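Source file: entry09.txt. Holds: compact mmCIF, C-alpha atoms (C1' of nucleotides).
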```
# COMPACT_ATOMS: atom_id res chain seq x y z
CA MET A 1 113.71 100.13 104.40
CA SER A 2 113.17 102.52 107.26
CA ALA A 3 115.51 100.50 109.43
CA ASN A 4 115.15 100.89 113.17
CA SER A 5 117.66 100.88 115.98
CA ARG A 6 115.94 98.39 118.26
CA LEU A 7 118.45 95.59 117.77
CA THR A 8 121.33 98.03 118.23
CA ILE A 9 119.95 99.52 121.42
CA ALA A 10 119.04 96.13 122.84
CA ALA A 11 122.56 94.83 122.16
CA HIS A 12 123.95 97.99 123.73
CA ALA A 13 121.89 97.45 126.86
CA LEU A 14 122.90 93.81 127.20
CA ALA A 15 126.57 94.58 126.69
CA TRP A 16 126.34 97.37 129.25
CA ILE A 17 124.69 95.16 131.87
CA GLY A 18 127.16 92.38 131.19
CA LEU A 19 130.18 94.61 131.61
CA TYR A 20 128.70 96.24 134.70
CA GLN A 21 128.18 92.86 136.31
CA ARG A 22 131.74 91.83 135.52
CA GLN A 23 132.84 94.92 137.36
CA GLY A 24 131.19 93.48 140.47
CA HIS A 25 127.81 95.17 140.43
CA GLU A 26 124.59 93.26 140.92
CA ILE A 27 121.98 95.43 139.34
CA ALA A 28 121.83 98.00 136.55
CA THR A 29 119.15 100.63 136.29
CA SER A 30 117.40 101.79 133.15
CA GLU A 31 118.63 105.28 133.90
CA GLN A 32 122.28 104.22 133.79
CA ILE A 33 121.82 102.35 130.53
CA ALA A 34 119.85 105.21 129.03
CA ALA A 35 122.67 107.59 129.89
CA SER A 36 125.15 105.38 128.05
CA ALA A 37 122.90 105.01 125.01
CA ASN A 38 121.92 108.68 125.16
CA THR A 39 118.19 108.05 125.16
CA ASN A 40 115.24 108.00 127.51
CA PRO A 41 115.00 105.44 130.34
CA VAL A 42 111.51 104.47 129.23
CA VAL A 43 112.86 103.41 125.85
CA ILE A 44 115.32 101.14 127.66
CA ARG A 45 112.67 99.75 129.99
CA ARG A 46 110.41 98.95 127.05
CA LEU A 47 113.16 97.10 125.21
CA LEU A 48 114.40 95.29 128.31
CA GLY A 49 110.84 94.29 129.02
CA GLU A 50 110.76 92.44 125.71
CA LEU A 51 114.10 90.84 126.50
CA ARG A 52 112.70 89.74 129.86
CA ARG A 53 109.73 88.09 128.17
CA ALA A 54 112.27 86.23 126.05
CA GLY A 55 114.11 85.07 129.16
CA LEU A 56 117.31 87.00 128.48
CA VAL A 57 117.22 89.39 131.45
CA GLU A 58 115.53 89.64 134.83
CA SER A 59 114.21 92.67 136.65
CA ARG A 60 113.71 93.46 140.30
CA ARG A 61 111.33 96.07 141.60
CA GLY A 62 111.23 98.06 144.78
CA ALA A 63 114.15 99.95 146.29
CA GLY A 64 117.56 99.02 144.88
CA ALA A 65 115.78 97.58 141.89
CA GLY A 66 117.02 97.18 138.33
CA TRP A 67 118.09 94.71 135.70
CA SER A 68 120.43 91.74 135.55
CA LEU A 69 121.27 89.09 132.98
CA ALA A 70 119.27 85.87 133.11
CA ARG A 71 121.86 84.09 130.96
CA GLU A 72 125.55 84.54 130.32
CA LEU A 73 126.57 86.83 127.48
CA GLY A 74 128.23 83.87 125.77
CA SER A 75 124.94 81.99 125.56
CA ILE A 76 122.91 84.89 124.13
CA THR A 77 123.04 85.42 120.38
CA LEU A 78 121.90 88.31 118.23
CA LEU A 79 119.20 85.96 116.96
CA ASP A 80 117.76 85.71 120.47
CA VAL A 81 117.72 89.49 120.68
CA TYR A 82 116.38 89.89 117.15
CA GLU A 83 113.48 87.55 117.79
CA ALA A 84 112.72 89.31 121.04
CA VAL A 85 112.56 92.84 119.66
CA GLU A 86 111.76 92.53 115.93
CA PRO A 87 108.28 91.21 115.37
CA GLY A 88 107.65 91.24 111.64
CA PRO A 89 109.18 89.65 108.57
CA LEU A 90 112.01 91.28 106.64
CA PHE A 91 110.07 91.87 103.42
CA ALA A 92 106.36 92.53 103.16
CA MET A 93 103.89 91.21 100.63
CA HIS A 94 101.46 93.41 98.70
CA ARG A 95 99.23 95.47 100.96
CA THR A 96 96.22 94.44 98.89
CA THR A 97 95.82 91.02 97.33
CA PRO A 98 96.96 91.02 93.70
CA ASP A 99 94.61 90.23 90.83
CA GLN A 100 93.95 86.51 91.19
CA GLY A 101 92.72 86.39 87.62
CA CYS A 102 96.23 87.23 86.39
CA VAL A 103 98.78 84.44 86.25
CA VAL A 104 101.46 86.59 87.85
CA GLY A 105 99.07 88.11 90.35
CA HIS A 106 97.99 84.64 91.37
CA GLY A 107 101.42 83.06 91.72
CA ILE A 108 103.56 85.92 92.95
CA GLN A 109 102.77 85.66 96.65
CA PRO A 110 103.47 81.95 97.11
CA ALA A 111 106.61 82.38 95.02
CA MET A 112 107.97 85.31 97.00
CA ARG A 113 106.98 83.74 100.30
CA GLY A 114 109.13 80.72 99.56
CA ILE A 115 112.07 82.82 98.44
CA TYR A 116 111.83 85.15 101.42
CA GLN A 117 111.65 82.22 103.81
CA ASP A 118 114.96 80.89 102.53
CA ILE A 119 116.59 84.29 102.77
CA GLU A 120 115.33 84.96 106.28
CA GLU A 121 116.51 81.54 107.34
CA THR A 122 120.00 82.47 106.21
CA LEU A 123 119.76 85.77 108.05
CA ARG A 124 118.75 84.02 111.24
CA HIS A 125 121.64 81.64 110.86
CA GLU A 126 124.04 84.56 110.58
CA LEU A 127 122.52 86.31 113.58
CA ALA A 128 122.83 83.12 115.59
CA ARG A 129 126.56 83.03 114.95
CA VAL A 130 127.16 86.24 116.89
CA THR A 131 127.03 86.04 120.67
CA LEU A 132 126.72 89.03 122.96
CA GLU A 133 130.05 87.90 124.35
CA LYS A 134 131.58 88.68 120.96
CA VAL A 135 129.72 91.98 120.80
CA LEU A 136 131.21 93.03 124.13
CA ARG A 137 134.64 91.85 123.01
CA ASP A 138 134.37 93.98 119.85
CA VAL A 139 133.13 96.92 121.92
CA LEU A 140 136.16 96.75 124.19
CA ALA A 141 138.46 96.36 121.19
CA ALA A 142 137.45 99.74 119.78
CA PRO A 143 140.42 102.11 119.73
CA ARG A 144 140.46 104.65 122.55
CA GLN A 145 140.25 108.29 121.64
CA PRO A 146 143.72 109.84 121.46
CA LEU A 147 144.22 112.72 123.87
CA MET B 1 110.85 96.20 111.40
CA SER B 2 108.13 97.99 109.50
CA ALA B 3 108.95 96.01 106.39
CA ASN B 4 107.87 97.44 103.09
CA SER B 5 106.64 95.82 99.90
CA ARG B 6 108.94 97.60 97.46
CA LEU B 7 111.05 94.56 96.62
CA THR B 8 107.92 92.43 96.23
CA ILE B 9 106.17 94.90 93.94
CA ALA B 10 109.30 95.48 91.89
CA ALA B 11 109.77 91.74 91.41
CA HIS B 12 106.10 91.46 90.50
CA ALA B 13 106.46 94.15 87.86
CA LEU B 14 109.57 92.59 86.33
CA ALA B 15 108.01 89.14 86.22
CA TRP B 16 104.90 90.59 84.64
CA ILE B 17 106.82 92.43 81.93
CA GLY B 18 108.96 89.38 81.28
CA LEU B 19 106.00 87.08 80.85
CA TYR B 20 104.17 89.64 78.73
CA GLN B 21 107.13 89.92 76.40
CA ARG B 22 107.37 86.15 76.09
CA GLN B 23 103.78 86.20 74.96
CA GLY B 24 104.87 88.33 72.00
CA HIS B 25 104.15 91.82 73.26
CA GLU B 26 106.67 94.62 72.95
CA ILE B 27 105.64 97.08 75.58
CA ALA B 28 103.87 96.94 78.93
CA THR B 29 102.12 99.91 80.50
CA SER B 30 102.15 100.91 84.13
CA GLU B 31 98.39 100.62 84.11
CA GLN B 32 98.48 96.95 83.14
CA ILE B 33 101.06 96.15 85.78
CA ALA B 34 99.18 98.15 88.39
CA ALA B 35 96.04 96.15 87.63
CA SER B 36 97.90 92.89 88.22
CA ALA B 37 99.48 94.14 91.43
CA ASN B 38 96.23 95.79 92.52
CA THR B 39 97.76 99.17 93.17
CA ASN B 40 98.07 102.59 91.58
CA PRO B 41 99.92 103.12 88.28
CA VAL B 42 101.97 105.92 89.80
CA VAL B 43 103.35 103.51 92.39
CA ILE B 44 104.47 101.25 89.54
CA ARG B 45 105.96 104.11 87.56
CA ARG B 46 107.94 105.29 90.57
CA LEU B 47 109.38 101.85 91.20
CA LEU B 48 110.09 101.16 87.54
CA GLY B 49 111.79 104.54 87.36
CA GLU B 50 114.26 103.37 89.98
CA LEU B 51 114.76 100.12 88.07
CA ARG B 52 115.40 102.15 84.94
CA ARG B 53 118.08 104.18 86.70
CA ALA B 54 119.66 100.85 87.65
CA GLY B 55 119.60 99.75 84.01
CA LEU B 56 117.12 96.92 84.47
CA VAL B 57 114.26 98.27 82.35
CA GLU B 58 113.70 100.84 79.64
CA SER B 59 110.79 103.16 79.05
CA ARG B 60 109.36 104.79 75.95
CA ARG B 61 107.23 107.88 75.98
CA GLY B 62 104.66 109.22 73.59
CA ALA B 63 101.76 107.27 72.13
CA GLY B 64 102.10 103.49 72.38
CA ALA B 65 104.61 104.05 75.13
CA GLY B 66 105.45 101.82 78.07
CA TRP B 67 108.09 99.63 79.64
CA SER B 68 110.33 96.81 78.49
CA LEU B 69 113.16 94.80 79.98
CA ALA B 70 116.67 96.11 79.42
CA ARG B 71 118.15 92.74 80.38
CA GLU B 72 116.93 89.18 80.31
CA LEU B 73 115.14 87.87 83.39
CA GLY B 74 117.88 85.28 83.83
CA SER B 75 120.52 87.96 84.22
CA ILE B 76 118.63 90.04 86.77
CA THR B 77 118.90 89.00 90.41
CA LEU B 78 116.94 90.03 93.47
CA LEU B 79 120.10 91.79 94.62
CA ASP B 80 119.96 94.06 91.55
CA VAL B 81 116.36 94.88 92.39
CA TYR B 82 117.09 95.25 96.10
CA GLU B 83 119.88 97.72 95.49
CA ALA B 84 117.71 99.66 93.09
CA VAL B 85 114.73 100.09 95.38
CA GLU B 86 116.02 99.76 98.97
CA PRO B 87 118.26 102.65 99.89
CA GLY B 88 119.21 102.23 103.52
CA PRO B 89 120.99 99.64 105.63
CA LEU B 90 119.15 96.76 107.25
CA PHE B 91 119.77 97.83 110.86
CA ALA B 92 120.15 101.39 112.08
CA MET B 93 122.55 102.79 114.63
CA HIS B 94 121.50 104.96 117.58
CA ARG B 95 119.62 108.08 116.49
CA THR B 96 121.80 110.15 118.81
CA THR B 97 125.47 109.46 119.41
CA PRO B 98 125.97 107.38 122.58
CA ASP B 99 127.94 108.67 125.57
CA GLN B 100 131.53 108.68 124.34
CA GLY B 101 132.74 108.85 127.92
CA CYS B 102 131.32 105.37 128.56
CA VAL B 103 133.34 102.39 127.37
CA VAL B 104 130.30 100.71 125.90
CA GLY B 105 128.92 103.94 124.48
CA HIS B 106 132.24 104.57 122.81
CA GLY B 107 132.80 101.14 121.32
CA ILE B 108 129.29 100.00 120.47
CA GLN B 109 128.93 101.69 117.10
CA PRO B 110 132.16 100.45 115.50
CA ALA B 111 131.41 97.00 116.91
CA MET B 112 127.88 96.81 115.55
CA ARG B 113 128.89 98.34 112.25
CA GLY B 114 131.35 95.54 111.64
CA ILE B 115 128.87 92.87 112.65
CA TYR B 116 126.10 94.34 110.53
CA GLN B 117 128.39 94.59 107.53
CA ASP B 118 129.09 90.86 107.66
CA ILE B 119 125.41 90.05 108.01
CA GLU B 120 124.35 92.31 105.17
CA GLU B 121 127.04 90.83 102.99
CA THR B 122 125.51 87.41 103.55
CA LEU B 123 122.06 88.77 102.80
CA ARG B 124 123.28 90.27 99.54
CA HIS B 125 124.86 86.98 98.62
CA GLU B 126 121.57 85.20 99.14
CA LEU B 127 119.66 87.79 97.15
CA ALA B 128 122.17 87.45 94.32
CA ARG B 129 121.43 83.74 94.10
CA VAL B 130 117.83 84.32 93.03
CA THR B 131 117.24 85.43 89.45
CA LEU B 132 114.01 86.92 88.19
CA GLU B 133 113.92 83.95 85.87
CA LYS B 134 113.52 81.74 88.93
CA VAL B 135 110.92 84.08 90.37
CA LEU B 136 108.84 83.78 87.21
CA ARG B 137 109.32 80.02 87.21
CA ASP B 138 108.07 79.82 90.81
CA VAL B 139 105.17 82.11 89.93
CA LEU B 140 104.07 79.84 87.11
CA ALA B 141 104.49 76.78 89.33
CA ALA B 142 101.86 77.99 91.78
CA PRO B 143 98.88 75.63 91.80
CA ARG B 144 95.89 76.88 89.85
CA GLN B 145 92.70 77.54 91.71
CA PRO B 146 90.39 74.53 91.55
CA LEU B 147 87.02 75.28 90.01
C1' DT C 1 96.68 118.11 65.78
C1' DC C 2 95.06 114.40 68.60
C1' DT C 3 95.83 110.82 71.80
C1' DG C 4 97.86 107.80 75.19
C1' DT C 5 101.53 107.20 78.32
C1' DT C 6 105.45 108.58 80.95
C1' DG C 7 107.60 111.57 84.53
C1' DT C 8 106.96 113.97 88.54
C1' DA C 9 105.17 117.14 91.92
C1' DA C 10 102.08 117.61 95.66
C1' DC C 11 99.21 116.14 99.20
C1' DG C 12 96.80 113.00 102.55
C1' DA C 13 96.30 108.52 105.07
C1' DT C 14 98.46 105.16 107.50
C1' DT C 15 101.91 103.09 110.25
C1' DA C 16 106.15 102.40 113.12
C1' DT C 17 109.68 104.24 115.89
C1' DA C 18 111.21 107.03 119.33
C1' DG C 19 110.97 110.51 122.90
C1' DT C 20 108.52 112.39 126.79
C1' DT C 21 105.50 112.95 130.88
C1' DA C 22 102.97 110.93 134.30
C1' DC C 23 101.78 107.83 137.76
C1' DG C 24 100.58 103.50 140.04
C1' DA C 25 102.97 99.19 141.83
C1' DC C 26 106.41 97.22 144.21
C1' DG C 27 109.79 96.12 147.74
C1' DG C 28 113.81 97.01 150.54
C1' DC C 29 115.15 99.90 154.36
C1' DC C 30 114.92 102.98 158.18
C1' DG D 1 104.47 101.28 159.07
C1' DG D 2 106.02 104.80 156.15
C1' DC D 3 109.63 106.47 152.84
C1' DC D 4 111.89 106.30 148.66
C1' DG D 5 113.85 104.70 144.40
C1' DT D 6 112.87 101.96 140.48
C1' DC D 7 110.04 99.32 137.52
C1' DG D 8 105.88 98.83 134.45
C1' DT D 9 102.95 100.94 131.51
C1' DA D 10 99.67 104.15 129.58
C1' DA D 11 99.16 108.22 126.92
C1' DC D 12 100.56 111.64 124.01
C1' DT D 13 103.57 113.99 120.53
C1' DA D 14 107.08 114.31 116.94
C1' DT D 15 109.22 112.40 113.11
C1' DA D 16 109.72 109.75 109.12
C1' DA D 17 108.69 106.27 105.53
C1' DT D 18 105.48 104.05 102.61
C1' DC D 19 101.66 104.05 99.90
C1' DG D 20 97.75 105.82 97.48
C1' DT D 21 95.81 109.52 94.90
C1' DT D 22 95.11 113.62 91.92
C1' DA D 23 96.93 116.58 88.69
C1' DC D 24 99.41 118.04 84.85
C1' DA D 25 103.33 119.00 81.79
C1' DA D 26 106.32 116.49 78.41
C1' DC D 27 106.63 113.56 74.85
C1' DA D 28 106.08 110.93 70.51
C1' DG D 29 103.54 108.26 67.26
C1' DA D 30 99.54 108.28 64.18
```

Would it be possible to restate this file's structure as structure tokens?
Amino acid sequence: MSANSRLTIAAHALAWIGLYQRQGHEIATSEQIAASANTNPVVIRRLLGELRRAGLVESRRGAGAGWSLARELGSITLLDVYEAVEPGPLFAMHRTTPDQGCVVGHGIQPAMRGIYQDIEETLRHELARVTLEKVLRDVLAAPRQPL
Amino acid sequence: MSANSRLTIAAHALAWIGLYQRQGHEIATSEQIAASANTNPVVIRRLLGELRRAGLVESRRGAGAGWSLARELGSITLLDVYEAVEPGPLFAMHRTTPDQGCVVGHGIQPAMRGIYQDIEETLRHELARVTLEKVLRDVLAAPRQPL
DNA sequence: TCTGTTGTAACGATTATAGTTACGACGGCC
DNA sequence: GGCCGTCGTAACTATAATCGTTACAACAGA
């Protein structure tokens, strides 16, 4: 399916900011987050920009600038993040319209659209059950590397 | 997510073969199916080849060759088709391993893996609820074009 | 032997993601 | 008022997947 890592990286960034704030810091920079995720700060800024448009984070500019949560981790779900960073549908229709003179070609798109809608609704429901609070909890529950 | 149309086209092909067989025909050719789906026969042959490896269809070569169902439409689910034509997972991890010295970087992958597994399990369950028999039924239920 | 179809390789077009560089905009601070 | 660190964003490249297309050998029935 050529899956992408946008949801993963966005969740990573949110968990990082959330933990950082709990440690008493006000503001996180894209450079810090990028170092943790081992990627480029611009990638982080692009993703956080989409999360800001969705009202999940806030950004400050100027000196001492950076990112902070606009909502508590417990009130943000993976569905919020998913909708902010994943534009398209899960499954695509035909790239060209099927033969409308054929019974199957004529009915296949409405049929699949209805089926896909149900499936995506279930997916959204599952995503909505997972808060970023739980993500951070699972992150911290990971076993530490033995020395 | 850069969704693809593989599941849609594969379902289209199966529904087409199924209906064709119910009309008394033995064998469907990739050219006929490609005409209905408005794409290239090679695209159909590639997809049907994956369905054949999954045991859903059979192919005959030589003159008068073509494709037929290996199982009834009612016993084939969208999950069977999905597993046959969609290799990867729904969501990808980081392309590079996160900073293992960071608490979040260290715990994020196990955390997300567990969460994604649950979500994909639900998705598979939903896909398994839809048979190709139902797909064909929905296809035939689509309203005909008014003259 | 002829013919029609599968099976598959090879290549190009298109698209999305991700990484990178560059630089203007902004705002706190000295 | 100027300095400096960070955001915001454009632009470009690299990589990869999908899809379409051409080509052709393999195959099997007539």

| Residue hits in chain D, query chain A, radius 7 Å, all atoms listed in the file, as a PyMOL selection string | chain D and resi 5-7+17

| query | Which one of B:Glu26, B:Asp80, B:Glu121, B:Glu58 sits closest to chain A if you count all atoms listed in the file? | reply |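 Among the listed residues, B:Glu121 lies closest to chain A.
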
| message | What does the structure give for the distance between CA of Leu69 in chain B and CA of Glu86 in chain B, in Å to one decimal? | response |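 These two atoms are separated by 19.8 Å.
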
Sorted per-residue table, chain B near chain A, closest atoms and distance, 7 Å, only C-alpha atoms, as a Markdown table:
```
| residue | atom | partner | partner_atom | distance |
| --- | --- | --- | --- | --- |
| B:Met1 | CA | A:Glu86 | CA | 5.9 |
| B:Ala3 | CA | A:Phe91 | CA | 5.2 |
| B:Asn4 | CA | A:Ala92 | CA | 5.1 |
| B:Ser5 | CA | A:Ala92 | CA | 4.6 |
| B:Thr8 | CA | A:Met93 | CA | 6.1 |
| B:Ile9 | CA | A:His94 | CA | 6.9 |
| B:His12 | CA | A:Ile108 | CA | 6.6 |
| B:Trp16 | CA | A:Val104 | CA | 6.2 |
| B:Ala35 | CA | A:Asp99 | CA | 6.9 |
| B:Ser36 | CA | A:Asp99 | CA | 5.0 |
| B:Ala37 | CA | A:Pro98 | CA | 4.6 |
| B:Asn38 | CA | A:Pro98 | CA | 5.0 |
| B:Glu86 | CA | A:Met1 | CA | 5.9 |
| B:Pro87 | CA | A:Met1 | CA | 6.9 |
| B:Gly88 | CA | A:Met1 | CA | 6.0 |
| B:Pro89 | CA | A:Ala3 | CA | 6.7 |
| B:Leu90 | CA | A:Ala3 | CA | 5.7 |
| B:Phe91 | CA | A:Ala3 | CA | 5.2 |
| B:Ala92 | CA | A:Ser5 | CA | 4.7 |
| B:Met93 | CA | A:Ser5 | CA | 5.4 |
| B:His94 | CA | A:Ser5 | CA | 5.8 |
| B:Thr96 | CA | A:Asn38 | CA | 6.5 |
| B:Thr97 | CA | A:Asn38 | CA | 6.8 |
| B:Pro98 | CA | A:Ala37 | CA | 4.6 |
| B:Asp99 | CA | A:Ser36 | CA | 5.0 |
| B:Cys102 | CA | A:Ser36 | CA | 6.2 |
| B:Val104 | CA | A:Trp16 | CA | 6.2 |
| B:Gly105 | CA | A:Ser36 | CA | 5.4 |
| B:Gly107 | CA | A:Val139 | CA | 4.3 |
| B:Ile108 | CA | A:Val139 | CA | 5.1 |
| B:Pro110 | CA | A:Ala142 | CA | 6.8 |
| B:Ala111 | CA | A:Asp138 | CA | 5.2 |
| B:Ile119 | CA | A:Glu126 | CA | 6.2 |
| B:Leu123 | CA | A:Leu123 | CA | 6.5 |
| B:Glu126 | CA | A:Ile119 | CA | 6.2 |
| B:Val135 | CA | A:Ala111 | CA | 6.6 |
| B:Asp138 | CA | A:Ala111 | CA | 5.1 |
| B:Val139 | CA | A:Gly107 | CA | 4.3 |
| B:Leu140 | CA | A:Gly107 | CA | 6.2 |
| B:Ala142 | CA | A:Gly107 | CA | 5.1 |
```

Write a file of the selected residues as a compact mmCIF listing (two decimals), keeping the file's coordinate frame, keeping C-alpha atoms.
```txt
# COMPACT_ATOMS: atom_id res chain seq x y z
CA MET B 1 110.85 96.20 111.40
CA ALA B 3 108.95 96.01 106.39
CA ASN B 4 107.87 97.44 103.09
CA SER B 5 106.64 95.82 99.90
CA THR B 8 107.92 92.43 96.23
CA ILE B 9 106.17 94.90 93.94
CA HIS B 12 106.10 91.46 90.50
CA TRP B 16 104.90 90.59 84.64
CA ALA B 35 96.04 96.15 87.63
CA SER B 36 97.90 92.89 88.22
CA ALA B 37 99.48 94.14 91.43
CA ASN B 38 96.23 95.79 92.52
CA GLU B 86 116.02 99.76 98.97
CA PRO B 87 118.26 102.65 99.89
CA GLY B 88 119.21 102.23 103.52
CA PRO B 89 120.99 99.64 105.63
CA LEU B 90 119.15 96.76 107.25
CA PHE B 91 119.77 97.83 110.86
CA ALA B 92 120.15 101.39 112.08
CA MET B 93 122.55 102.79 114.63
CA HIS B 94 121.50 104.96 117.58
CA THR B 96 121.80 110.15 118.81
CA THR B 97 125.47 109.46 119.41
CA PRO B 98 125.97 107.38 122.58
CA ASP B 99 127.94 108.67 125.57
CA CYS B 102 131.32 105.37 128.56
CA VAL B 104 130.30 100.71 125.90
CA GLY B 105 128.92 103.94 124.48
CA GLY B 107 132.80 101.14 121.32
CA ILE B 108 129.29 100.00 120.47
CA PRO B 110 132.16 100.45 115.50
CA ALA B 111 131.41 97.00 116.91
CA ILE B 119 125.41 90.05 108.01
CA LEU B 123 122.06 88.77 102.80
CA GLU B 126 121.57 85.20 99.14
CA VAL B 135 110.92 84.08 90.37
CA ASP B 138 108.07 79.82 90.81
CA VAL B 139 105.17 82.11 89.93
CA LEU B 140 104.07 79.84 87.11
CA ALA B 142 101.86 77.99 91.78
```

| field | Distance query 12 Å from (119.6, 98.5, 76.3) using all atoms listed in the file, result as a VMD selection string | value | chain B and resid 52 to 59 68 to 72

Contact residues around DC12 in chain D with only C-alpha atoms (C1' of nucleotides) at 12 Å, ignoring same-chain residues under 6 positions, as a compact mmCIF listing (two decimals) with C-alpha atoms (C1' of nucleotides), in the frame of the given file:
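Result file is selection_38.txt:
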```
# COMPACT_ATOMS: atom_id res chain seq x y z
C1' DG C 19 110.97 110.51 122.90
C1' DT C 20 108.52 112.39 126.79
C1' DT C 21 105.50 112.95 130.88
C1' DA C 22 102.97 110.93 134.30
```

| field | Contact set, chain C to chain A: 10 Å, only C-alpha atoms (C1' of nucleotides), as a VMD selection string | value | chain C and resid 16 to 20 25 to 29

| task | In Å, rounded to a single decimal, give me how far CA of Ala84 in chain A is from CA of Leu79 in chain B. | result |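 If I compute the distance from CA of Leu79 in chain B to CA of Ala84 in chain A, I get 27.5 Å.
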
Using all atoms listed in the file, which protein or nucleic acid residues come within 12 Å of DC30 in chain C? Drop anything in the same chain fewer than 4 positions from it, and give the result as a tab-separated table (two decimals) with C-alpha atoms (C1' of nucleotides), in the coordinates of the input.
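Printed below is out_36.tsv as written:
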```
chain	number	residue	atom	x	y	z
D	1	DG	C1'	104.47	101.28	159.07
D	2	DG	C1'	106.02	104.80	156.15
D	3	DC	C1'	109.63	106.47	152.84
D	4	DC	C1'	111.89	106.30	148.66
```

| query | In Å, with one decimal, what is the gap from CA of Glu133 in chain A to CA of Gln23 in chain A? | reply |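 These atoms are spaced 15.0 Å apart.
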